[in-house]
file my_file_0.cif (mmCIF, C-alpha atoms)
data_query
loop_
_atom_site.label_atom_id
_atom_site.label_comp_id
_atom_site.auth_asym_id
_atom_site.auth_seq_id
_atom_site.Cartn_x
_atom_site.Cartn_y
_atom_site.Cartn_z
CA MET A 1404 72.56 138.38 143.87
CA LYS A 1405 74.52 135.87 141.82
CA LYS A 1406 73.90 135.81 138.11
CA ARG A 1407 72.32 132.56 136.93
CA PRO A 1408 74.33 130.58 134.38
CA ASP A 1409 73.20 131.36 130.84
CA ILE A 1410 73.03 127.99 129.09
CA LEU A 1411 72.60 129.64 125.69
CA LYS A 1412 75.55 132.03 125.93
CA ASP A 1413 78.05 131.34 128.73
CA ASN A 1414 81.50 129.86 128.04
CA LEU A 1415 81.02 126.10 127.87
CA TRP A 1416 84.12 125.21 129.93
CA LYS A 1417 83.01 127.50 132.77
CA LEU A 1418 79.43 126.26 132.41
CA MET A 1419 80.55 122.64 132.63
CA TRP A 1420 82.49 123.05 135.87
CA LYS A 1421 79.93 125.41 137.43
CA LEU A 1422 76.99 123.06 136.79
CA SER A 1423 78.91 119.80 137.26
CA LEU A 1424 80.17 120.38 140.80
CA PRO A 1425 76.68 120.22 142.38
CA GLY A 1426 75.91 117.16 140.22
CA ILE A 1427 79.08 115.39 141.36
CA LEU A 1428 78.43 116.21 145.02
CA GLY A 1429 74.78 115.18 144.74
CA MET A 1430 75.59 111.75 143.31
CA MET A 1431 78.36 111.21 145.86
CA VAL A 1432 75.95 112.07 148.68
CA ILE A 1433 73.40 109.52 147.39
CA SER A 1434 76.14 106.87 147.26
CA ILE A 1435 77.26 107.69 150.80
CA ASN A 1436 73.63 107.61 151.98
CA SER A 1437 73.24 104.02 150.77
CA LEU A 1438 76.49 103.04 152.50
CA VAL A 1439 75.47 104.65 155.79
CA ASP A 1440 72.08 102.89 155.76
CA SER A 1441 73.85 99.54 155.37
CA ILE A 1442 76.18 100.33 158.26
CA TYR A 1443 73.27 101.27 160.55
CA VAL A 1444 71.33 98.07 159.78
CA SER A 1445 74.43 95.91 160.24
CA TYR A 1446 75.50 97.64 163.47
CA PHE A 1447 72.13 97.93 165.26
CA ILE A 1448 70.40 94.74 164.05
CA GLY A 1449 72.99 92.30 162.70
CA ALA A 1450 74.45 90.50 159.71
CA ASP A 1451 71.20 88.68 158.84
CA ALA A 1452 69.34 91.98 158.62
CA PHE A 1453 72.11 93.43 156.47
CA ALA A 1454 71.94 90.40 154.16
CA GLY A 1455 68.13 90.57 154.06
CA VAL A 1456 68.14 94.22 152.98
CA SER A 1457 70.97 93.54 150.48
CA LEU A 1458 68.81 90.86 148.84
CA LEU A 1459 66.30 93.56 147.93
CA PHE A 1460 68.70 95.45 145.64
CA PRO A 1461 67.29 94.03 142.37
CA LEU A 1462 63.74 94.77 143.57
CA THR A 1463 64.52 98.36 144.57
CA LEU A 1464 66.30 98.74 141.23
CA VAL A 1465 62.90 98.30 139.57
CA ILE A 1466 61.77 101.51 141.30
CA THR A 1467 65.00 103.19 140.20
CA SER A 1468 64.45 102.03 136.61
CA ILE A 1469 60.93 103.47 136.49
CA THR A 1470 62.19 106.69 138.07
CA VAL A 1471 64.90 107.23 135.46
CA PHE A 1472 62.39 106.30 132.76
CA ILE A 1473 60.06 109.14 133.79
CA ALA A 1474 62.85 111.57 134.73
CA ALA A 1475 64.95 111.16 131.56
CA GLY A 1476 61.96 111.41 129.24
CA SER A 1477 60.36 114.39 131.00
CA SER A 1478 63.68 116.24 131.34
CA SER A 1479 64.46 115.87 127.63
CA VAL A 1480 61.00 117.14 126.62
CA LEU A 1481 61.29 120.09 129.02
CA SER A 1482 64.82 121.13 127.99
CA ARG A 1483 63.88 121.26 124.32
CA ALA A 1484 60.66 123.16 125.15
CA ILE A 1485 62.65 125.72 127.17
CA GLY A 1486 65.10 126.19 124.32
CA SER A 1487 62.33 126.70 121.74
CA ASP A 1488 60.27 128.83 124.18
CA ASP A 1489 57.34 126.45 123.74
CA LYS A 1490 55.31 127.46 126.82
CA ASN A 1491 52.41 125.17 125.90
CA THR A 1492 54.62 122.07 126.15
CA GLN A 1493 56.37 123.41 129.26
CA GLN A 1494 53.04 123.63 131.11
CA LYS A 1495 52.15 120.02 130.27
CA VAL A 1496 55.38 118.33 131.43
CA LEU A 1497 54.87 118.47 135.22
CA PRO A 1498 51.19 117.32 135.22
CA ASN A 1499 52.14 114.37 133.01
CA LEU A 1500 55.09 113.54 135.27
CA ILE A 1501 52.78 113.46 138.31
CA ALA A 1502 50.30 111.21 136.46
CA LEU A 1503 52.99 108.76 135.33
CA SER A 1504 54.46 108.66 138.85
CA MET A 1505 51.06 107.88 140.38
CA ILE A 1506 50.15 105.15 137.86
CA SER A 1507 53.51 103.36 138.13
CA SER A 1508 53.55 103.70 141.95
CA ILE A 1509 50.11 102.13 142.36
CA ILE A 1510 51.18 99.12 140.27
CA ILE A 1511 54.44 98.73 142.24
CA ILE A 1512 52.85 99.14 145.68
CA VAL A 1513 50.01 96.68 145.03
CA SER A 1514 52.37 94.09 143.51
CA GLY A 1515 54.93 94.55 146.28
CA VAL A 1516 52.44 94.19 149.13
CA LEU A 1517 50.67 91.17 147.62
CA PHE A 1518 53.76 89.26 146.52
CA SER A 1519 56.51 90.45 148.90
CA GLU A 1520 57.23 86.99 150.32
CA GLU A 1521 57.32 85.32 146.90
CA LEU A 1522 59.60 88.02 145.49
CA ILE A 1523 62.11 87.78 148.34
CA ALA A 1524 62.05 83.97 148.19
CA VAL A 1525 63.01 84.21 144.50
CA MET A 1526 65.93 86.43 145.52
CA GLY A 1527 67.22 83.56 147.66
CA GLY A 1528 66.16 84.70 151.10
CA THR A 1529 65.90 82.02 153.81
CA ASP A 1530 65.31 81.89 157.58
CA ALA A 1531 66.20 85.11 159.46
CA MET A 1532 67.45 86.76 156.29
CA PHE A 1533 64.06 86.13 154.67
CA GLU A 1534 62.12 87.50 157.66
CA HIS A 1535 64.17 90.70 157.79
CA GLY A 1536 63.85 91.17 154.03
CA VAL A 1537 60.06 90.77 154.07
CA SER A 1538 59.64 93.09 157.08
CA TYR A 1539 61.72 95.82 155.44
CA PHE A 1540 60.24 95.46 151.95
CA LYS A 1541 56.57 95.55 153.03
CA VAL A 1542 57.14 98.98 154.59
CA TYR A 1543 59.66 100.36 152.08
CA ILE A 1544 57.41 99.65 149.08
CA LEU A 1545 54.67 101.91 150.56
CA GLY A 1546 56.88 104.93 149.82
CA ALA A 1547 57.30 104.13 146.12
CA PHE A 1548 55.42 107.26 145.00
CA PHE A 1549 57.62 109.62 147.02
CA ASN A 1550 60.73 108.05 145.49
CA ILE A 1551 59.48 108.04 141.90
CA TYR A 1552 57.77 111.44 141.92
CA GLY A 1553 60.38 113.20 144.08
CA LEU A 1554 63.39 112.10 142.05
CA SER A 1555 61.62 112.60 138.70
CA ALA A 1556 60.44 116.12 139.61
CA ASN A 1557 63.94 116.92 140.84
CA GLY A 1558 65.14 115.90 137.37
CA LEU A 1559 63.04 118.74 135.92
CA ILE A 1560 64.97 121.21 138.08
CA ARG A 1561 68.21 119.81 136.66
CA SER A 1562 66.81 120.11 133.13
CA GLU A 1563 66.41 123.86 133.75
CA GLY A 1564 70.13 123.97 134.40
CA LYS A 1565 69.61 124.55 138.16
CA ILE A 1566 71.91 121.72 139.24
CA LYS A 1567 72.77 123.42 142.54
CA GLN A 1568 69.11 123.78 143.54
CA ALA A 1569 68.43 120.14 142.67
CA MET A 1570 71.43 119.05 144.74
CA THR A 1571 70.23 121.11 147.74
CA PHE A 1572 67.00 119.11 147.98
CA THR A 1573 68.95 115.86 147.63
CA VAL A 1574 71.40 116.75 150.40
CA MET A 1575 68.53 117.78 152.71
CA SER A 1576 66.84 114.40 152.19
CA VAL A 1577 70.04 112.43 152.73
CA ILE A 1578 70.90 114.30 155.95
CA MET A 1579 67.35 113.69 157.20
CA ASN A 1580 67.65 109.96 156.46
CA ILE A 1581 71.03 109.70 158.18
CA MET A 1582 69.59 111.40 161.29
CA LEU A 1583 66.31 109.46 161.41
CA THR A 1584 67.56 105.92 160.70
CA PRO A 1585 69.37 105.30 164.04
CA LEU A 1586 66.46 106.93 165.91
CA PHE A 1587 63.84 104.71 164.28
CA ILE A 1588 65.90 101.51 164.49
CA HIS A 1589 67.45 101.86 167.95
CA THR A 1590 65.88 104.67 170.00
CA PHE A 1591 62.27 103.93 169.01
CA SER A 1592 62.93 100.15 168.91
CA MET A 1593 61.32 99.77 165.46
CA ASN A 1594 63.99 97.31 164.27
CA ILE A 1595 64.32 96.74 160.52
CA GLU A 1596 60.96 98.44 159.83
CA GLY A 1597 62.44 101.61 161.33
CA ALA A 1598 65.05 101.78 158.58
CA ALA A 1599 62.30 101.55 155.97
CA TRP A 1600 60.14 104.22 157.67
CA SER A 1601 63.08 106.63 157.91
CA SER A 1602 63.61 106.27 154.16
CA ILE A 1603 59.92 106.92 153.45
CA ILE A 1604 59.77 110.02 155.67
CA SER A 1605 62.98 111.41 154.14
CA MET A 1606 61.64 110.93 150.62
CA LEU A 1607 58.24 112.38 151.62
CA LEU A 1608 59.96 115.59 152.78
CA TYR A 1609 62.04 115.54 149.59
CA ALA A 1610 58.89 115.29 147.46
CA ILE A 1611 57.18 118.09 149.44
CA ALA A 1612 60.18 120.43 149.14
CA THR A 1613 60.38 119.81 145.39
CA SER A 1614 56.62 120.37 145.00
CA PHE A 1615 56.74 123.71 146.82
CA TYR A 1616 59.54 124.79 144.48
CA PHE A 1617 57.11 124.48 141.56
CA ILE A 1618 53.98 125.65 143.42
CA LYS A 1619 55.67 128.89 144.54
CA GLY A 1620 56.73 129.64 140.95
CA LYS A 1621 60.49 129.41 141.48
CA ALA A 1622 61.00 127.46 138.25
CA SER A 1623 62.43 129.35 135.29
CA PHE A 1624 59.88 127.79 132.92
CA SER A 1625 56.12 128.04 132.66
CA THR A 1626 54.87 125.20 134.88
CA GLY A 1627 51.15 125.91 134.58
CA LYS A 1628 48.85 124.60 137.33
CA PHE A 1629 50.19 122.01 139.74
CA LYS A 1630 47.82 119.20 138.81
CA ILE A 1631 47.53 115.69 137.40
CA GLY A 1632 47.17 115.52 133.63
CA ILE A 1633 47.81 113.23 130.71
CA GLU A 1634 48.63 114.56 127.24
CA LYS A 1635 49.08 111.97 124.52
CA ASP A 1636 51.83 113.84 122.64
CA ILE A 1637 53.85 114.48 125.81
CA ILE A 1638 53.47 110.92 127.08
CA LYS A 1639 54.59 109.57 123.70
CA ASP A 1640 57.74 111.72 123.72
CA VAL A 1641 58.51 110.84 127.34
CA ILE A 1642 58.18 107.12 126.58
CA ASN A 1643 60.35 107.47 123.48
CA ILE A 1644 63.25 108.99 125.42
CA GLY A 1645 62.64 107.38 128.81
CA THR A 1646 62.74 103.87 127.40
CA SER A 1647 66.47 104.19 126.77
CA ALA A 1648 67.19 105.05 130.42
CA PHE A 1649 64.89 102.23 131.57
CA VAL A 1650 66.60 99.71 129.29
CA MET A 1651 70.05 100.75 130.52
CA GLN A 1652 69.04 100.19 134.15
CA LEU A 1653 67.50 96.77 133.55
CA SER A 1654 70.33 95.64 131.29
CA ASN A 1655 72.75 96.35 134.15
CA VAL A 1656 70.73 94.01 136.38
CA VAL A 1657 70.98 91.24 133.78
CA LYS A 1658 74.67 91.93 133.36
CA GLN A 1659 75.37 91.64 137.07
CA PHE A 1660 73.43 88.39 137.22
CA PHE A 1661 75.58 86.81 134.48
CA LEU A 1662 78.81 88.18 135.95
CA PHE A 1663 78.29 86.75 139.41
CA ARG A 1664 76.86 83.48 138.11
CA THR A 1665 79.95 83.05 135.93
CA LEU A 1666 82.18 83.81 138.90
CA THR A 1667 80.54 81.05 140.94
CA TRP A 1668 81.13 78.58 138.08
CA TYR A 1669 84.78 79.39 137.37
CA GLY A 1670 86.10 81.10 140.50
CA THR A 1671 86.81 80.51 144.16
CA SER A 1672 85.42 82.40 147.15
CA HIS A 1673 88.51 84.64 146.93
CA ASP A 1674 87.73 85.46 143.28
CA ILE A 1675 84.12 86.36 144.13
CA THR A 1676 85.14 88.52 147.08
CA PHE A 1677 87.87 90.30 145.11
CA PHE A 1678 85.61 90.92 142.11
CA SER A 1679 82.88 92.32 144.39
CA ALA A 1680 85.38 94.78 145.88
CA ALA A 1681 86.75 95.72 142.44
CA PHE A 1682 83.19 96.20 141.17
CA ARG A 1683 82.32 98.49 144.10
CA LEU A 1684 85.51 100.49 143.54
CA PHE A 1685 84.72 100.83 139.83
CA SER A 1686 81.16 101.97 140.61
CA PHE A 1687 82.36 104.44 143.26
CA LEU A 1688 84.78 106.07 140.78
CA ALA A 1689 82.16 106.12 138.03
CA ILE A 1690 79.62 108.04 140.16
CA PRO A 1691 81.42 111.45 140.14
CA VAL A 1692 82.09 111.07 136.40
CA LEU A 1693 78.37 110.58 135.74
CA GLY A 1694 77.74 113.59 137.99
CA LEU A 1695 80.05 115.69 135.84
CA LEU A 1696 78.16 114.60 132.70
CA GLN A 1697 74.72 115.45 134.18
CA PRO A 1698 74.62 119.06 132.90
CA MET A 1699 75.13 117.85 129.33
CA GLN A 1700 71.44 116.99 129.03
CA PRO A 1701 70.00 120.46 129.79
CA ILE A 1702 72.77 122.27 127.90
CA ILE A 1703 72.31 120.22 124.73
CA GLY A 1704 68.51 120.01 125.10
CA ILE A 1705 67.99 123.75 125.58
CA ASN A 1706 70.42 124.71 122.82
CA TYR A 1707 68.96 122.09 120.48
CA GLY A 1708 65.48 123.49 121.14
CA ALA A 1709 66.83 126.98 120.41
CA SER A 1710 68.45 125.70 117.15
CA ASN A 1711 71.96 126.50 118.44
CA ILE A 1712 73.34 123.43 116.70
CA GLN A 1713 76.99 124.47 116.72
CA ARG A 1714 76.85 124.94 120.49
CA CYS A 1715 75.46 121.39 120.85
CA ILE A 1716 78.44 120.04 118.91
CA GLU A 1717 80.90 122.01 121.04
CA THR A 1718 79.18 120.85 124.24
CA VAL A 1719 79.75 117.18 123.39
CA LYS A 1720 83.44 117.78 122.62
CA ILE A 1721 84.11 119.84 125.74
CA PHE A 1722 82.31 117.48 128.12
CA ARG A 1723 84.16 114.48 126.66
CA ILE A 1724 87.55 116.12 127.06
CA GLY A 1725 86.75 117.46 130.53
CA SER A 1726 85.36 114.17 131.85
CA ILE A 1727 88.25 112.10 130.44
CA LEU A 1728 90.72 114.40 132.21
CA PHE A 1729 88.62 114.13 135.38
CA VAL A 1730 88.63 110.32 135.22
CA ALA A 1731 92.39 110.28 134.69
CA VAL A 1732 92.93 112.32 137.87
CA LEU A 1733 90.61 110.05 139.89
CA MET A 1734 92.39 106.93 138.66
CA ILE A 1735 95.95 107.98 139.55
CA PRO A 1736 95.92 106.84 143.22
CA VAL A 1737 94.05 103.62 142.37
CA LEU A 1738 96.42 102.64 139.57
CA LEU A 1739 99.49 103.50 141.67
CA PHE A 1740 98.31 101.91 144.94
CA PRO A 1741 95.72 99.23 144.04
CA GLU A 1742 96.45 97.08 147.11
CA HIS A 1743 95.75 99.93 149.54
CA CYS A 1744 92.48 100.83 147.79
CA ILE A 1745 91.19 97.26 147.97
CA GLU A 1746 92.33 96.95 151.60
CA LEU A 1747 89.94 99.79 152.50
CA LEU A 1748 87.10 97.43 151.56
CA LEU A 1749 88.75 94.11 152.43
CA PRO A 1750 91.35 94.62 155.20
CA ASP A 1751 92.47 90.97 155.40
CA ILE A 1752 92.69 90.09 151.70
CA VAL A 1753 96.00 89.09 150.09
CA LEU A 1754 96.20 90.03 146.41
CA SER A 1755 98.07 88.03 143.80
CA SER A 1756 99.91 89.64 140.88
CA ALA A 1757 97.04 88.48 138.62
CA ASP A 1758 94.52 90.26 140.89
CA ILE A 1759 96.46 93.52 140.65
CA ILE A 1760 96.72 93.28 136.85
CA ASN A 1761 93.00 92.55 136.55
CA LEU A 1762 92.13 95.44 138.86
CA ARG A 1763 94.27 97.93 136.96
CA SER A 1764 92.92 96.69 133.63
CA ILE A 1765 89.26 96.93 134.58
CA LEU A 1766 89.69 100.38 136.15
CA ALA A 1767 91.50 101.64 133.04
CA VAL A 1768 88.22 101.02 131.18
CA LEU A 1769 86.80 104.01 133.10
CA LEU A 1770 88.60 106.25 130.60
CA LEU A 1771 86.06 105.06 128.00
CA LEU A 1772 83.02 105.84 130.18
CA PRO A 1773 82.78 109.52 129.11
CA ILE A 1774 82.74 108.57 125.42
CA ALA A 1775 79.90 106.07 125.73
CA SER A 1776 77.85 108.00 128.30
CA SER A 1777 78.11 111.35 126.51
CA GLY A 1778 76.89 109.71 123.30
CA ILE A 1779 73.78 108.30 124.98
CA ILE A 1780 73.10 111.66 126.69
CA LEU A 1781 73.38 113.35 123.28
CA PHE A 1782 70.74 111.04 121.80
CA GLN A 1783 68.40 111.47 124.79
CA ALA A 1784 68.75 115.27 124.84
CA THR A 1785 68.01 115.63 121.11
CA GLY A 1786 65.03 113.27 121.09
CA LYS A 1787 66.79 110.30 119.42
CA GLY A 1788 65.05 107.75 121.61
CA LYS A 1789 65.54 104.74 119.34
CA LEU A 1790 69.31 105.20 119.17
CA ALA A 1791 69.52 105.75 122.93
CA SER A 1792 67.63 102.46 123.47
CA LEU A 1793 69.04 100.20 120.75
CA LEU A 1794 72.70 100.81 121.55
CA PRO A 1795 72.54 99.64 125.21
CA ILE A 1796 70.42 96.62 124.19
CA GLY A 1797 72.86 95.76 121.42
CA ARG A 1798 75.72 96.11 123.90
CA GLN A 1799 74.36 93.36 126.13
CA VAL A 1800 73.07 91.01 123.41
CA VAL A 1801 75.73 91.35 120.72
CA LEU A 1802 78.83 92.18 122.80
CA PHE A 1803 78.54 91.17 126.45
CA LEU A 1804 76.68 87.83 126.32
CA PRO A 1805 78.88 86.15 123.67
CA LEU A 1806 82.06 87.35 125.38
CA ILE A 1807 81.02 86.30 128.91
CA LEU A 1808 79.95 82.87 127.62
CA ILE A 1809 83.10 82.19 125.57
CA LEU A 1810 86.14 83.83 127.20
CA PRO A 1811 85.82 82.33 130.74
CA ARG A 1812 85.79 78.87 129.12
CA LEU A 1813 89.15 79.67 127.55
CA TYR A 1814 90.81 81.69 130.34
CA ASN A 1815 88.79 80.83 133.49
CA VAL A 1816 88.35 83.81 135.87
CA ASP A 1817 90.72 86.02 133.85
CA GLY A 1818 88.30 85.56 130.95
CA ILE A 1819 85.64 87.52 132.89
CA TYR A 1820 87.93 90.54 133.05
CA TYR A 1821 88.92 90.13 129.39
CA ALA A 1822 85.21 90.03 128.45
CA LEU A 1823 84.48 93.26 130.34
CA ILE A 1824 87.48 95.07 128.84
CA ILE A 1825 86.74 94.02 125.25
CA GLU A 1826 83.03 94.77 125.65
CA ASN A 1827 83.68 98.30 126.96
CA VAL A 1828 86.23 99.08 124.26
CA LEU A 1829 83.95 97.92 121.43
CA TYR A 1830 80.89 99.64 122.90
CA ALA A 1831 82.71 102.97 123.33
CA LEU A 1832 83.96 102.70 119.73
CA LEU A 1833 80.44 101.95 118.46
CA VAL A 1834 78.84 104.85 120.34
CA TRP A 1835 81.63 107.18 119.21
CA ILE A 1836 81.05 106.25 115.54
CA VAL A 1837 77.27 106.66 115.78
CA SER A 1838 77.48 109.93 117.72
CA ARG A 1839 80.10 111.25 115.26
CA ASN A 1840 77.66 110.62 112.41
CA GLU A 1841 74.92 112.46 114.32
CA LEU A 1842 77.28 115.40 114.97
CA ARG A 1843 78.17 115.46 111.27
CA LYS A 1844 74.48 115.77 110.48
CA PHE A 1845 74.33 118.68 112.90
CA SER A 1846 77.37 120.25 111.18
CA ASN A 1847 75.66 119.93 107.80
CA VAL A 1848 72.64 121.76 109.22
CA VAL A 1849 74.92 124.57 110.45
CA SER A 1850 76.68 124.78 107.07
CA THR A 1851 73.32 124.94 105.26
CA GLU A 1852 72.07 127.69 107.53
CA VAL A 1853 75.28 129.71 107.00
CA ALA A 1854 75.00 129.27 103.22
CA LEU A 1855 71.38 130.50 103.33
CA GLY A 1856 72.43 133.44 105.45
CA LYS A 1857 70.33 132.51 108.47
#

call {"tool": "encode", "arguments": {"input": "my_file_0.cif", "output": "structure tokens"}}
result
Amino acid sequence: MKKRPDILKDNLWKLMWKLSLPGILGMMVISINSLVDSIYVSYFIGADAFAGVSLLFPLTLVITSITVFIAAGSSSVLSRAIGSDDKNTQQKVLPNLIALSMISSIIIIVSGVLFSEELIAVMGGTDAMFEHGVSYFKVYILGAFFNIYGLSANGLIRSEGKIKQAMTFTVMSVIMNIMLTPLFIHTFSMNIEGAAWSSIISMLLYAIATSFYFIKGKASFSTGKFKIGIEKDIIKDVINIGTSAFVMQLSNVVKQFFLFRTLTWYGTSHDITFFSAAFRLFSFLAIPVLGLLQPMQPIIGINYGASNIQRCIETVKIFRIGSILFVAVLMIPVLLFPEHCIELLLPDIVLSSADIINLRSILAVLLLLPIASSGIILFQATGKGKLASLLPIGRQVVLFLPLILILPRLYNVDGIYYALIIENVLYALLVWIVSRNELRKFSNVVSTEVALGK
């Protein structure tokens, strides 16, 4: 029987790679799942159906935002409770998570069913595209609870440090969805609704598998009874931490809106197409990096709860170094062969020298992702909810909006890339300064404890 990783004692470098690999694979699988769904809809139904489902991205992102809100908050509370061996708090986390998932799901389902046509019309859907979007959304929204609860509960497994177990449930769900989607769409002649039903069934099985994990007592923490419950203190802490994750998700929606609107004002169809491909490439490379950083939350949270402050400090440093090296390796083929990478997405596109420079410049910004993301994870894991929320909000309001409004006026389309580069550099610097100050506070605590002989 393999020995479970000891988050409080194991070597941090070994712990990082051991826990990160399942996280990286899990996030890559989710990304591939989304891509495969799009291919099925496009192949079996047509371009209008593909466009109709694509229109729903901002609406489905609302479900994602609520999910990360509950998951991030609950995971932070649980990790700290595990570290401090606070069994009373541990037993309250899961019942509160179920309650929050049910309340938010009811609101989403009722709103989605009643106003599905109005919502999709606002997204710009017309004619066949509109019909496909409405048909898919009316079914898909019925499974909101399975998405929110399943993914949030799976986050608790990650917060134990069991990244591999969490990934196993994710992979099972994705494989199920990949198998069911063509059957429901084509074999059973359910059209676009079939794609939605396959997603619901896959997430239902995902939620059931995760529930049985807790019901059968496989968790390493004291889960208490599997029930619905609301505890004021727990809810307050979850909201405090979860708000930061929620804000980050919604701010990305706003950011994308301004980016593509600005492109339509200053660019050509070529510029929009190229930027879309570059954006997808950037996102695809960022996913494994975020997967590598996933174990930071339970490692810092558990050690912070156990008052192992020095180990928290070392965790931040090691994960930053490791993830920067990881990004550098991922970027080598893209920076050396940018044309070939873009051609995988856009076979017929001809890139100008300016396109290649812009692509290399924007992808180089990925080197800063570990600095900014690790800082936010540090704040979430240690219960610094206000910092974790204010920094992303300040990023969009103080940095991004002024830059995206001013620079394209001066440099046209190139100004969009300049805005993104400057914004990311300044944001990474800001988070680094704030997180350094927090780590210094931690160091002072360690020094005080040593002086007192603790």

call {"tool": "resolve_selection", "arguments": {"input": "my_file_0.cif", "expression": "the PyMOL selection byres ((chain A and resi 1798-1800) around 12)", "output": "MDAnalysis selection string"}}
result
chainID A and resid 1650:1659 1661:1662 1775 1791:1797 1801:1808 1822:1823 1825:1834

call {"tool": "closest_residue", "arguments": {"input": "my_file_0.cif", "among": "A:Ile1604, A:Ala1681, A:Leu1696, A:Val1837", "to": "Leu1754 of chain A", "atoms": "all atoms listed in the file"}}
result
A:Ala1681

call {"tool": "resolve_selection", "arguments": {"input": "my_file_0.cif", "expression": "the PyMOL selection byres ((chain A and resi 1707) around 9)", "output": "JSON, numbers by chain"}}
result
{"A": [1482, 1483, 1486, 1487, 1702, 1703, 1704, 1705, 1706, 1708, 1709, 1710, 1711, 1712, 1714, 1715, 1784, 1785]}

call {"tool": "closest_residue", "arguments": {"input": "my_file_0.cif", "among": "A:Cys1744, A:Ala1474, A:Met1419, A:Leu1517", "to": "Ala1556 of chain A", "atoms": "all atoms listed in the file"}}
result
A:Ala1474

call {"tool": "atom_distance", "arguments": {"input": "my_file_0.cif", "atom1": "atom CA of Ile1611 of chain A", "atom2": "atom CA of Ser1468 of chain A"}}
result
21.8 Å

call {"tool": "closest_residue", "arguments": {"input": "my_file_0.cif", "among": "A:Gly1694, A:Gly1449, A:Gly1645, A:Gly1546", "to": "Ser1601 of chain A", "atoms": "all atoms listed in the file"}}
result
A:Gly1546

call {"tool": "resolve_selection", "arguments": {"input": "my_file_0.cif", "expression": "the PyMOL selection byres ((chain A and resi 1663-1677) around 10)", "output": "list in words"}}
result
Lys1658, Gln1659, Phe1660, Phe1661, Leu1662, Phe1678, Ser1679, Ala1680, Ala1681, Phe1682, Arg1683, Ile1745, Leu1748, Leu1749, Ile1752, Val1753, Leu1754, Asp1758, Leu1762, Ile1807, Leu1808, Pro1811, Arg1812, Tyr1814, Asn1815, Val1816, Asp1817, Gly1818 and Ile1819 of chain A

call {"tool": "closest_residue", "arguments": {"input": "my_file_0.cif", "among": "A:Ile1566, A:Ile1638, A:Ile1442, A:Leu1522", "to": "Phe1472 of chain A", "atoms": "only C-alpha atoms"}}
result
A:Ile1638

call {"tool": "atom_distance", "arguments": {"input": "my_file_0.cif", "atom1": "atom CA of Phe1629 of chain A", "atom2": "atom CA of Asn1499 of chain A"}}
result
10.4 Å

call {"tool": "atom_distance", "arguments": {"input": "my_file_0.cif", "atom1": "atom CA of Lys1720 of chain A", "atom2": "atom CA of Arg1839 of chain A"}}
result
10.4 Å

call {"tool": "residues_around", "arguments": {"input": "my_file_0.cif", "residues": "Phe1685 of chain A", "least_positions_apart": "4", "cutoff": "12 Å", "atoms": "all atoms listed in the file", "output": "PDB file with C-alpha atoms, in the frame of the given file"}}
result
ATOM      1  CA  PHE A1678      85.610  90.920 142.110  1.00  0.00           C
ATOM      2  CA  SER A1679      82.880  92.320 144.390  1.00  0.00           C
ATOM      3  CA  ALA A1680      85.380  94.780 145.880  1.00  0.00           C
ATOM      4  CA  ALA A1681      86.750  95.720 142.440  1.00  0.00           C
ATOM      5  CA  ALA A1689      82.160 106.120 138.030  1.00  0.00           C
ATOM      6  CA  ILE A1690      79.620 108.040 140.160  1.00  0.00           C
ATOM      7  CA  PRO A1691      81.420 111.450 140.140  1.00  0.00           C
ATOM      8  CA  VAL A1692      82.090 111.070 136.400  1.00  0.00           C
ATOM      9  CA  VAL A1730      88.630 110.320 135.220  1.00  0.00           C
ATOM     10  CA  LEU A1733      90.610 110.050 139.890  1.00  0.00           C
ATOM     11  CA  MET A1734      92.390 106.930 138.660  1.00  0.00           C
ATOM     12  CA  VAL A1737      94.050 103.620 142.370  1.00  0.00           C
ATOM     13  CA  LEU A1738      96.420 102.640 139.570  1.00  0.00           C
ATOM     14  CA  PRO A1741      95.720  99.230 144.040  1.00  0.00           C
ATOM     15  CA  CYS A1744      92.480 100.830 147.790  1.00  0.00           C
ATOM     16  CA  ILE A1745      91.190  97.260 147.970  1.00  0.00           C
ATOM     17  CA  LEU A1762      92.130  95.440 138.860  1.00  0.00           C
ATOM     18  CA  ARG A1763      94.270  97.930 136.960  1.00  0.00           C
ATOM     19  CA  SER A1764      92.920  96.690 133.630  1.00  0.00           C
ATOM     20  CA  ILE A1765      89.260  96.930 134.580  1.00  0.00           C
ATOM     21  CA  LEU A1766      89.690 100.380 136.150  1.00  0.00           C
ATOM     22  CA  ALA A1767      91.500 101.640 133.040  1.00  0.00           C
ATOM     23  CA  VAL A1768      88.220 101.020 131.180  1.00  0.00           C
ATOM     24  CA  LEU A1769      86.800 104.010 133.100  1.00  0.00           C
ATOM     25  CA  LEU A1770      88.600 106.250 130.600  1.00  0.00           C
ATOM     26  CA  LEU A1772      83.020 105.840 130.180  1.00  0.00           C
TER      27      LEU A1772
END

call {"tool": "residues_around", "arguments": {"input": "my_file_0.cif", "residues": "Leu1545 of chain A", "least_positions_apart": "5", "cutoff": "12 Å", "atoms": "all atoms listed in the file", "output": "list in words"}}
result
Ile1466, Ser1508, Ile1509, Ile1510, Ile1511, Ile1512, Val1513, Ser1514, Gly1515, Val1516, Leu1517, Ser1519, Tyr1539, Phe1540, Asn1550, Ile1551, Glu1596, Ala1599, Trp1600, Ser1602, Ile1603, Ile1604, Met1606 and Leu1607 of chain A

call {"tool": "closest_residue", "arguments": {"input": "my_file_0.cif", "among": "A:Val1471, A:Leu1583, A:Ile1716, A:Ile1485", "to": "Ser1846 of chain A", "atoms": "only C-alpha atoms"}}
result
A:Ile1716
